[in-house]
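Structure record follows, encoded as structure tokens.
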Amino acid sequence: MPERPVVMVGFVPVAVTSLAQFQPEGSVIVIDEPDVIRKRELGPKADEAPVVRELIAWEYQLEGAADAFYNAHPDLDPAAVAPLQEYATPFAARLAERYGVPTGGYGALRVLRDKAVLRRVSRAAGILNPESVEVTGPDEVRAFMAEHPGPAVLKPANRQAALGTRILASPDEIDEAWAETTAMDEGVMVPDRGFELRMLVERCVQGREYSVELLVERGRAVFGNVTGKELYPGGRPVELGHLVPADIPGELDALLRAETGRLLEAVGFGTGIAHCEWIVENGRPYLVECAGRFPGDGIVDLIDRAYRVDLVRAFWTLMKGEPLTAPLPEKAPGAAAIRFLHTGAGVVEDVSGLDEARALPGVQACSVTVEPGAEVRELRSSWDRVGSVVTEAENGAEAVAAARRALDTVQIKVRPAQDRPA
């Protein structure tokens, strides 16, 4: 009897590679949007992965898409269904419900998917949130900033990768920021039809930022980690690097985990993984947002390295309704860091120092995603970064120092885009 397939919603190459480590050939079904499959040329990539049985094109971001898919494929009988991208979370949860396999829950994922709704639900549960309102135009942003003096954050309620998020130092920046954030283009990552953009303006909470990753089985956390974050300076809160585990006192670590657990209980989260972001101001954690999916930015790899675990395998085990073979560690025996590279806007003329960086102590991986002739855009979201380095060490300070040394060794020479030769 053939093995029941696992269904992955949203094609993520690194996730396919991870599944291939423990899933037999032809046991993974991937669902993605038809436009995304075409624009990212995913067909050949799926064909090249022996673990993938089928790539199904489905407009999964439309209302009712999961129920329609279930009715079109009633005999699929998957062992598990899980989202690998932010926009896939409600669809995957509803599809899992229809097939009767573990899930975080459609209701919970609908709340987590919408930052404005999440604010209302979590605030009612006593979780600290910054002052926040939905806005439909610049005048409403001005009214908010007049009522709440100091910097504010303008951001979409329903986007990903810090896309469109701007920190407003003064009301003078509102009109330009509104024009920029409402003209976002996610390119190959989204279907051509687009979807409604809704905006929030919030008080800018001042403090260090962290994320908490919890693996949850039927509402009970079976693994937890706190990640330390560093952002690029300036008005766009794009992440510069992550450290696992965060180098913080045990009391703060416990508080952040506990608040994340309270948040998941407040939304009714069942089984899956959650990635929840917080800013700690004057010792108190304020909710930024929370996603019912794996974290991006290489954090899963950092967790595996620091804790000596296989988080992806543990996740899929729970999503299949199977027991973990052993408890997951509570403490990390080491530390791991990732740091990202951006050069400023321009056309790449030369890339050097990669081999030297890879040979430095503690460096596990170092890559650059551009080559001579490529154009680097102004840093507006996570998609605009052009390289990264991953390091391991006995403690966090050493891991971060090793990452900084490696990126200082990599040299990317750029010239202004207007100077491109004819």
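Here's how to read the names in the structure tokens: chain A, B, ... by the order shown, residue numbers from 1 in each chain, ligand numbers from 1 in the order shown.
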Item to complete: From segment 184-310 of chain A, collect each residue whose DSSP state is helix (DSSP H, G or I) and return the set as number ranges by chain.
Response: A: 187-189, 250-267, 299-307
Item to complete: Grab the atom CA of Glu54 of chain A to atom CA of Gln85 of chain A distance for me, in Å with one decimal place.
Response: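 Interatomic distance, atom CA of Glu54 of chain A to atom CA of Gln85 of chain A: 18.2 Å.
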Worksheet entry | Every residue of segment 31-270 of chain A that DSSP places in strand (DSSP E or B), as a ChimeraX atom specification | /A:31-32,52-57,80-83,132-135,152-156,166-168,199-203,208-217,220-231,239-244
Practice prompt. Could you jot down the atom CA of Arg293 of chain A to atom CA of Val117 of chain A separation for me, Å, one decimal place?
Written response: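 Between atom CA of Arg293 of chain A and atom CA of Val117 of chain A the gap works out to 17.6 Å.
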